[in-house]
Structure formats: structure tokens, C-alpha cells
Amino acid sequence: MMSSVFERLPELVNDDADLVRRGRFLTVTFLVTSGATQYLVRVVEGRIAAVERGPFLMRDWRFAIRASEDAWQKFWEPVPAAGYHDVFAMAKFGNAVIEGDLLVLMQNLRYVQDLLAAPRQQEVLGAPPSVTSQTPVPTEREAKAPASPHVEQIAGRYVWLTVAGQLHRVFFEQAGAGIPLVCLHTAGADTKQWRHILNDAAITRHFRVLAFDMPRHGKSLPPVGWQHEEYRLTTDAYVETILAFCEALALERPVVLGCSIGGKIVLHLALRHPERFRALVGLEAADYQQPWYDDTAWLHRPDVHGGEIGSALMSGLIAPQSPAETRWETLWGYAQGGPGVFRGDLYFYRAEGDLRGKVDAIDTRRCPLYLLTGEYDFSCTPDDTRRTAAAIKGARVTVMNGLGHFPMSEHPAQFRTYLLPVLEEIRAHAARA
């Protein structure tokens with residue numbers, strides 16, 4: 001069975017015009033192992049010229065991806081289980097090894113990922129060809145496009161903030177009226193991630209939703225003199241930015257909803273300033289998360305396109321059930337990041353913002369805390385969030401089925417089924433206060 005899958009790779013890849021175009025600059029031979037069986041895959045300008053089965057004695061290859069036969073079987077399921085949906089996920093959990101000349105792999109990561117996943121879209125393993133994890137059917141809500149012409153309710157403006165003694169011109173979007181709800185984007189991204197929340201009438205009917213681009217992100221400029229320093233996001237700067245934004249817009253005890261780095265800073269806000277917020281909601285949040293790639297230099301070096309590699313790495317954090325349209329929209333946001341910004345955010349996320357041994361001091365009686373994590377997130381895993389919540393008396397934790405690291409943008413319709421009950425509980429509590 002496994003040999004037949006590898007033998008069909010040339011057909012599956014070469015018949016996919018989009019995939020060939022994506023790999024048109026790549027000519028390479030790489031090794032894939034399935035248990036003890038070796039396969040050399042020869043790519044010429046985006047087309048697979050040959051797949052040769054071993055054993056081999058002395059053959060040249062640039063990089064290798066090694067996994068058991070069982071792991072590949074799970075990887076190729078039409079909708080893989082969490083942890084088997086991406087080669088980096090398998091590597092983090094000890095089910096795959098990636099080695100060799102990683103430069104050529106990282107330069108062409110999106111192509112190699114899609115090449116390896118090509119069998120998911122075929123009947124090779126019994127998947128219906130028209131309904132696969134890569135081409136999910138959108139829900140009725142997602143399938144309906146707005147009437148044209150159409151003006152959305154979102155309004156964008158700029159506010160000047162002082163953070164660490166420096167002036168920042170910060171872009172933000174807002175919609176709705178009611179309880180202020182401040183939304184914080186993920187590392188290396190911007191407010192585009194929140195457009196579905198900003199356009200959701202069920203939310204904006206009761207909440208004034210605001211989302212801002214962190215300095216250096218999206219439409220927010222870096223501070224004067226940025227070219228003379230290496231950007232590194234710190235906890236103090238992040239907290240100060242959030243507080244300065246809330247103060248500048250005179251937001252009275254807002255709710256803060258943050259994802260990834262925004263989810264982690266929510267925990268810091270709960271520790272430092274619980275009295276200033278009505279409630280705190282952390283998506284993909286934990287006191288600490290074990291890295292799944294240990295060299296962030298890949299994100300900022302002259303021989304690797306920062307946007308391409310950021311987008312490719314993040315693709316594996318999206319649940320396979322997410323609709324193609326919103327999947328690619330999420331990745332487009334990552335393809336647009338400024339040089340070194342994503343890497344600078346990860347300094348806070350991975351190192352400086354570490355909260356191990358500290359979160360038990362969070363008092364949820366002073367400010368309710370909700371933690372929601374996608375089942376397919378292998379950056380901040382559900383177990384990471386559960387461990388964190390277990391140390392915080394009164395913290396509410398939910399694992400979101402069928403979602404990954406970017407729930408608000410990768411699958412908004414699925415995410416709102418989890419978010420709306422939380423917001424309704426917050427609203428009901430505010431009405432009683």
C-alpha cells in the first residue's frame with residue numbers, strides 16, 4: 001500500500017498546475033523513509049521526475065524526512081488526527097525526523113509540504129476525491145458572499161501612543177457599540193485576522209469591537225530610528241501598548257481577547273492589571289509552550305524569503321478542516337510581514353514572556369479568565385493550556401474541536417460557536433453588576 005502511494009506521487013504532483021508553479025524554482029533530490037523503506041524523490045523545476053525505492057548504498061540527497069509507515073498512513077488520512085496533520089507536528093511529537101540541508105527545504109517549504117500531502121486529495125487511501133482536508137466544503141454562512149457593492153460596518157483610524165518614551169502611529173479598526181472588546185492579533189500578523197469578528201452582527205450588537213495593529217505590524221509604523229535596532233517584543237512594552245491604547249480611546253474596563261502572543265499577554269494582564277479589565281479571553285494561551293522549531297533565524301535571513309517561510313510554517317498550525325478560502329486568507333497575512341517582525345515577536349512568545357511558576361498568582365475573582373485552544377494547535381497545545389488552567393483557580397478552559405492556532409481567521413464560523421457563549425456570559429455578568 002505505502003509503495004503504491006509513493007509511486008503515484010509524480011502523477012499527483014505533476015497534474016497539479018498550482019503546485020508545479022509553486023515549485024518552479026526547485027530542482028533537488030530528497031529522501032523520504034517509511035519505516036525501513038527508503039524513497040528518493042527527484043524534483044526538476046517543480047515536477048517530480050522520479051521516485052526511486054531503495055535500499056541505497058551511496059546516493060546523494062539534500063534533506064530527509066523520516067517517519068514510520070503508521071505515521072505516514074495517519075498523515076495521509078483525508079482529515080488527519082491532530083498531531084499527524086503536518087510534518088512539523090509529527091516532528092514535535094517524536095513521530096518524524098527532519099534532517100540534512102535544511103536551507104533548500106526552508107526556501108521551498110510550502111511546496112514540499114503540499115507535495116507530501118498530495119495523496120490526501122486522492123482515492124489512494126479511500127478518500128472521496130471531491131471532499132478532502134485540503135478542499136473542505138464551506139458552510140452555508142461562509143459560502144454566501146455579500147451583495148455588491150457592499151460597504152462593511154468596520155471603520156479604520158489612527159491613534160498616536162507613547163510607549164517606552166517613543167511616539168507610535170497605531171492603526172485600529174472598530175465596529176459596533178456596547179462593552180469594549182479589544183482584540184489582539186498573533187505574532188507577525190495584523191488586524192485582518194479579526195475582520196470576521198468585526199463584521200459579526202451578533203457580536204457588534206452588544207460589543208464595541210476594536211482591533212489594533214501593534215507597532216511595526218500591518219498599517220502601524222515602526223518608531224523613528226527603527227533601522228538602527230533589532231526588534232524584540234518585551235512583556236513591558238506589550239502591556240504598556242495595550243494600556244496606552246485603552247486609555248487613548250477612553251475604554252472603561254474593556255474585555256481583552258488575544259490570540260497566540262495576544263493570548264499569552266492576556267495572562268500577563270491578569271497578573272499585573274486585573275482591575276482594569278471586565279474579563280480576559282486567551283486564545284492559544286499558555287504559561288509556556290515547547291518550541292516546534294528551534295531556530296527562529298529562518299524567519300529573518302537574506303537567503304530565505306521571510307514572508308514565504310512564515311506563511312509556510314504557519315500553514316501546519318491551521319486545522320485541516322478549515323475552508324480553503326479562509327486558510328489562504330490567513331496565510332496571506334503572514335506573507336506580508338515586515339522584515340524581522342515575526343521573529344521579534346517570538347522573543348516574547350518563546351523566551352521573555354515565560355510564565356512558568358507564576359500563573360497561580362492570578363486571581364480570577366478580580367477578573368474572569370477564559371482560555372480556549374484549538375485541538376490542532378501544536379504550537380500551544382491543548383495540554384499546554386490545560387496545564388496552565390490547572391494552576392489558576394477559577395480559570396475556564398475549552399478545547400475547540402476542528403480548529404487550529406488561528407481560530408478567528410482560519411474558520412470563523414466554527415470559532416463563533418465557541419466565542420459567542422463566552423461573550424454572552426460576560427455580557428450577562430456585566431448586566432448584573
# chains A, B, ... in the order shown; residues from 1 in each chain; ligands from 1

call {"tool": "residues_around", "arguments": {"residues": "Trp332 (chain A)", "least_positions_apart": "6", "cutoff": "12 Å", "atoms": "only C-alpha atoms", "output": "count of residues only"}}
result
17

call {"tool": "residues_around", "arguments": {"residues": "His217 (chain A)", "least_positions_apart": "2", "cutoff": "8 Å", "atoms": "only C-alpha atoms", "output": "ChimeraX atom specification"}}
result
/A:188-190,213-215,219-222,337-338,341

call {"tool": "closest_atom_pairs", "arguments": {"of": "region 250-360 of chain A", "to": "region 397-402 of chain A", "cutoff": "8 Å", "atoms": "only C-alpha atoms", "output": "Markdown table"}}
result
| residue | atom | partner | partner_atom | distance |
| --- | --- | --- | --- | --- |
| A:Ala319 | CA | A:Gly402 | CA | 6.1 |
| A:Pro320 | CA | A:Gly402 | CA | 7.9 |
| A:Gln321 | CA | A:Gly402 | CA | 6.3 |
| A:Ser322 | CA | A:Gly402 | CA | 7.6 |

call {"tool": "residues_around", "arguments": {"residues": "region 39-52 of chain A", "least_positions_apart": "2", "cutoff": "7 Å", "atoms": "only C-alpha atoms", "output": "ChimeraX atom specification"}}
result
/A:7,10,13-14,20-21,23-33,37,54

call {"tool": "write_last_selection", "arguments": {"atoms": "all heavy atoms", "output": "compact mmCIF listing (two decimals), in the first residue's frame"}}
result
# COMPACT_ATOMS: atom_id res chain seq x y z
N GLU A 7 4.72 5.73 -5.32
CA GLU A 7 4.85 5.58 -6.77
C GLU A 7 3.91 6.51 -7.53
O GLU A 7 4.18 6.89 -8.67
CB GLU A 7 4.58 4.13 -7.18
CG GLU A 7 5.71 3.18 -6.76
CD GLU A 7 5.29 1.72 -6.85
OE1 GLU A 7 4.14 1.45 -7.28
OE2 GLU A 7 6.09 0.85 -6.46
N PRO A 10 4.48 11.24 -8.57
CA PRO A 10 4.67 12.03 -9.80
C PRO A 10 3.36 12.41 -10.46
O PRO A 10 3.17 13.56 -10.89
CB PRO A 10 5.51 11.10 -10.68
CG PRO A 10 6.25 10.23 -9.72
CD PRO A 10 5.29 10.00 -8.59
N VAL A 13 1.43 15.08 -8.24
CA VAL A 13 2.06 16.41 -8.20
C VAL A 13 2.08 17.05 -9.58
O VAL A 13 1.71 18.22 -9.74
CB VAL A 13 3.49 16.30 -7.63
CG1 VAL A 13 4.24 17.62 -7.80
CG2 VAL A 13 3.44 15.89 -6.17
N ASN A 14 2.48 16.31 -10.58
CA ASN A 14 2.67 16.90 -11.91
C ASN A 14 1.36 17.29 -12.57
O ASN A 14 1.35 18.13 -13.49
CB ASN A 14 3.45 15.94 -12.80
CG ASN A 14 4.84 15.67 -12.27
OD1 ASN A 14 5.33 16.39 -11.41
ND2 ASN A 14 5.48 14.61 -12.76
N VAL A 20 2.94 22.78 -9.21
CA VAL A 20 4.12 22.87 -10.08
C VAL A 20 4.61 24.31 -10.17
O VAL A 20 5.82 24.58 -10.11
CB VAL A 20 3.81 22.30 -11.47
CG1 VAL A 20 4.95 22.59 -12.44
CG2 VAL A 20 3.54 20.80 -11.40
N ARG A 21 3.69 25.24 -10.31
CA ARG A 21 4.08 26.65 -10.37
C ARG A 21 4.77 27.07 -9.08
O ARG A 21 5.77 27.80 -9.10
CB ARG A 21 2.84 27.51 -10.61
CG ARG A 21 3.09 29.02 -10.57
CD ARG A 21 1.82 29.81 -10.81
NE ARG A 21 0.76 29.41 -9.89
CZ ARG A 21 0.65 29.86 -8.65
NH1 ARG A 21 1.54 30.71 -8.16
NH2 ARG A 21 -0.35 29.46 -7.88
N GLY A 23 6.57 25.32 -7.16
CA GLY A 23 7.90 24.74 -7.04
C GLY A 23 8.78 24.94 -8.25
O GLY A 23 9.81 24.27 -8.39
N ARG A 24 8.44 25.89 -9.11
CA ARG A 24 9.12 26.02 -10.40
C ARG A 24 10.59 26.39 -10.30
O ARG A 24 11.35 26.22 -11.25
CB ARG A 24 8.40 27.04 -11.27
CG ARG A 24 8.40 28.46 -10.75
CD ARG A 24 7.43 29.33 -11.55
NE ARG A 24 7.38 30.73 -11.13
CZ ARG A 24 6.70 31.19 -10.11
NH1 ARG A 24 5.99 30.35 -9.37
NH2 ARG A 24 6.70 32.48 -9.80
N PHE A 25 11.03 26.91 -9.15
CA PHE A 25 12.43 27.27 -8.99
C PHE A 25 13.24 26.18 -8.29
O PHE A 25 14.42 26.37 -8.02
CB PHE A 25 12.56 28.58 -8.20
CG PHE A 25 11.86 29.74 -8.84
CD1 PHE A 25 10.78 30.35 -8.22
CD2 PHE A 25 12.27 30.22 -10.08
CE1 PHE A 25 10.13 31.42 -8.81
CE2 PHE A 25 11.63 31.29 -10.69
CZ PHE A 25 10.55 31.89 -10.05
N LEU A 26 12.60 25.05 -8.01
CA LEU A 26 13.27 24.00 -7.23
C LEU A 26 13.67 22.81 -8.10
O LEU A 26 12.84 22.22 -8.78
CB LEU A 26 12.35 23.51 -6.10
CG LEU A 26 12.90 22.36 -5.24
CD1 LEU A 26 14.16 22.79 -4.51
CD2 LEU A 26 11.85 21.87 -4.26
N THR A 27 14.95 22.46 -8.04
CA THR A 27 15.46 21.21 -8.60
C THR A 27 16.29 20.57 -7.48
O THR A 27 17.27 21.14 -7.03
CB THR A 27 16.31 21.44 -9.84
OG1 THR A 27 15.48 21.98 -10.89
CG2 THR A 27 16.93 20.14 -10.33
N VAL A 28 15.87 19.39 -7.03
CA VAL A 28 16.50 18.79 -5.87
C VAL A 28 16.16 17.31 -5.81
O VAL A 28 15.15 16.87 -6.36
CB VAL A 28 16.03 19.49 -4.56
CG1 VAL A 28 14.57 19.17 -4.26
CG2 VAL A 28 16.90 19.15 -3.38
N THR A 29 17.01 16.54 -5.12
CA THR A 29 16.68 15.17 -4.75
C THR A 29 16.63 15.09 -3.23
O THR A 29 17.57 15.52 -2.55
CB THR A 29 17.73 14.18 -5.28
OG1 THR A 29 17.75 14.23 -6.70
CG2 THR A 29 17.40 12.76 -4.84
N PHE A 30 15.52 14.58 -2.69
CA PHE A 30 15.43 14.43 -1.25
C PHE A 30 14.96 13.02 -0.90
O PHE A 30 14.42 12.29 -1.75
CB PHE A 30 14.53 15.50 -0.61
CG PHE A 30 13.08 15.45 -0.99
CD1 PHE A 30 12.16 14.76 -0.21
CD2 PHE A 30 12.61 16.12 -2.11
CE1 PHE A 30 10.82 14.73 -0.54
CE2 PHE A 30 11.27 16.11 -2.45
CZ PHE A 30 10.37 15.40 -1.67
N LEU A 31 15.17 12.65 0.36
CA LEU A 31 14.90 11.30 0.82
C LEU A 31 13.68 11.29 1.73
O LEU A 31 13.53 12.16 2.59
CB LEU A 31 16.11 10.77 1.60
CG LEU A 31 16.01 9.35 2.19
CD1 LEU A 31 16.05 8.31 1.08
CD2 LEU A 31 17.14 9.11 3.19
N VAL A 32 12.80 10.33 1.51
CA VAL A 32 11.68 10.08 2.42
C VAL A 32 11.78 8.62 2.84
O VAL A 32 11.95 7.73 2.00
CB VAL A 32 10.32 10.34 1.74
CG1 VAL A 32 9.18 10.06 2.72
CG2 VAL A 32 10.23 11.77 1.23
N THR A 33 11.68 8.37 4.14
CA THR A 33 11.68 6.99 4.61
C THR A 33 10.35 6.67 5.26
O THR A 33 9.77 7.49 5.98
CB THR A 33 12.82 6.71 5.61
OG1 THR A 33 12.58 7.41 6.82
CG2 THR A 33 14.16 7.15 5.03
N THR A 37 11.91 1.43 4.77
CA THR A 37 11.92 1.58 3.31
C THR A 37 12.27 3.01 2.92
O THR A 37 11.70 3.96 3.45
CB THR A 37 10.56 1.20 2.70
OG1 THR A 37 10.18 -0.09 3.17
CG2 THR A 37 10.61 1.21 1.19
N GLY A 54 14.42 2.30 -2.45
CA GLY A 54 15.68 1.70 -2.04
C GLY A 54 15.57 0.20 -1.84
O GLY A 54 14.58 -0.41 -2.25

call {"tool": "residues_around", "arguments": {"residues": "Ala82 (chain A)", "least_positions_apart": "6", "cutoff": "9 Å", "atoms": "only C-alpha atoms", "output": "number ranges by chain"}}
result
A: 89, 319, 375-378

call {"tool": "residues_around", "arguments": {"residues": "Val87 (chain A)", "least_positions_apart": "4", "cutoff": "12 Å", "atoms": "only C-alpha atoms", "output": "NGL selection string"}}
result
:A and (32 or 64-67 or 71-72 or 74-76 or 80 or 82-83 or 91-98 or 109-110 or 112-117 or 292-293 or 312-313 or 315-317 or 378)

call {"tool": "select_by_dssp", "arguments": {"residues": "region 229-368 of chain A", "states": "strand (DSSP E)", "output": "ChimeraX atom specification"}}
result
/A:255-259,279-283

call {"tool": "write_last_selection", "arguments": {"atoms": "N, CA, C and O atoms", "output": "short mmCIF file (atom, residue, chain, number, x, y, z; two decimals), in the first residue's frame"}}
result
data_model
loop_
_atom_site.label_atom_id
_atom_site.label_comp_id
_atom_site.auth_asym_id
_atom_site.auth_seq_id
_atom_site.Cartn_x
_atom_site.Cartn_y
_atom_site.Cartn_z
N VAL A 255 -13.07 44.29 27.72
CA VAL A 255 -12.71 42.87 27.61
C VAL A 255 -11.55 42.79 26.63
O VAL A 255 -11.54 43.49 25.61
N VAL A 256 -10.55 42.00 26.94
CA VAL A 256 -9.45 41.79 26.01
C VAL A 256 -9.49 40.35 25.52
O VAL A 256 -9.56 39.41 26.32
N LEU A 257 -9.45 40.21 24.19
CA LEU A 257 -9.47 38.91 23.52
C LEU A 257 -8.21 38.82 22.68
O LEU A 257 -8.06 39.52 21.68
N GLY A 258 -7.24 37.99 23.08
CA GLY A 258 -5.98 37.90 22.37
C GLY A 258 -5.67 36.48 21.96
O GLY A 258 -6.08 35.52 22.61
N CYS A 259 -4.93 36.36 20.84
CA CYS A 259 -4.59 35.04 20.30
C CYS A 259 -3.08 34.88 20.17
O CYS A 259 -2.39 35.80 19.72
N ALA A 279 -13.11 41.34 31.66
CA ALA A 279 -12.82 39.91 31.50
C ALA A 279 -11.66 39.79 30.55
O ALA A 279 -11.37 40.70 29.76
N LEU A 280 -10.96 38.66 30.61
CA LEU A 280 -9.83 38.39 29.73
C LEU A 280 -10.04 37.04 29.07
O LEU A 280 -10.38 36.05 29.73
N VAL A 281 -9.83 37.01 27.74
CA VAL A 281 -10.04 35.79 26.97
C VAL A 281 -8.77 35.49 26.19
O VAL A 281 -8.36 36.27 25.31
N GLY A 282 -8.12 34.37 26.50
CA GLY A 282 -6.88 33.99 25.84
C GLY A 282 -7.10 32.83 24.87
O GLY A 282 -7.54 31.75 25.28
N LEU A 283 -6.83 33.07 23.59
CA LEU A 283 -6.86 32.00 22.59
C LEU A 283 -5.45 31.47 22.39
O LEU A 283 -4.51 32.26 22.24
#

call {"tool": "residues_around", "arguments": {"residues": "region 225-232 of chain A", "least_positions_apart": "3", "cutoff": "12 Å", "atoms": "only C-alpha atoms", "output": "ChimeraX atom specification"}}
result
/A:166-168,187-188,215-217,221-222,235-238,300,338-353

call {"tool": "select_by_dssp", "arguments": {"residues": "region 150-379 of chain A", "states": "helix (DSSP H, G or I)", "output": "JSON, numbers by chain"}}
result
{"A": [191, 192, 193, 194, 195, 196, 197, 198, 201, 202, 203, 204, 226, 227, 228, 235, 236, 237, 238, 239, 240, 241, 242, 243, 244, 245, 246, 247, 248, 261, 262, 263, 264, 265, 266, 267, 268, 269, 270, 271, 272, 274, 275, 276, 296, 297, 298, 299, 306, 307, 308, 309, 310, 311, 312, 313, 314, 315, 324, 325, 326, 327, 328, 329, 330, 331, 332, 333, 334, 335, 341, 342, 343, 344, 345, 346, 347, 348, 349, 350, 351, 352, 359, 360, 361]}

call {"tool": "closest_residue", "arguments": {"among": "A:Gln336, A:Leu299, A:Asn108, A:Met58", "to": "Arg22 (chain A)", "atoms": "only C-alpha atoms"}}
result
A:Asn108

call {"tool": "residues_around", "arguments": {"residues": "Ala395 (chain A)", "least_positions_apart": "3", "cutoff": "8 Å", "atoms": "only C-alpha atoms", "output": "list in words"}}
result
Thr364, Pro368, Leu369, Tyr370, Leu371, Ala389, Ala390 and Ile392 of chain A

call {"tool": "atom_distance", "arguments": {"atom1": "CA of Ala164 (chain A)", "atom2": "CA of Glu240 (chain A)"}}
result
7.8 Å

call {"tool": "closest_residue", "arguments": {"among": "A:Val359, A:Pro382, A:Ala118, A:Asp70", "to": "Leu269 (chain A)", "atoms": "only C-alpha atoms"}}
result
A:Val359

call {"tool": "closest_residue", "arguments": {"among": "A:Ala431, A:Ile362, A:Leu420, A:Val304", "to": "Thr204 (chain A)", "atoms": "only C-alpha atoms"}}
result
A:Leu420

call {"tool": "atom_distance", "arguments": {"atom1": "CA of Leu198 (chain A)", "atom2": "CA of Phe415 (chain A)"}}
result
13.5 Å

call {"tool": "atom_distance", "arguments": {"atom1": "CA of Lys264 (chain A)", "atom2": "CA of His305 (chain A)"}}
result
27.2 Å
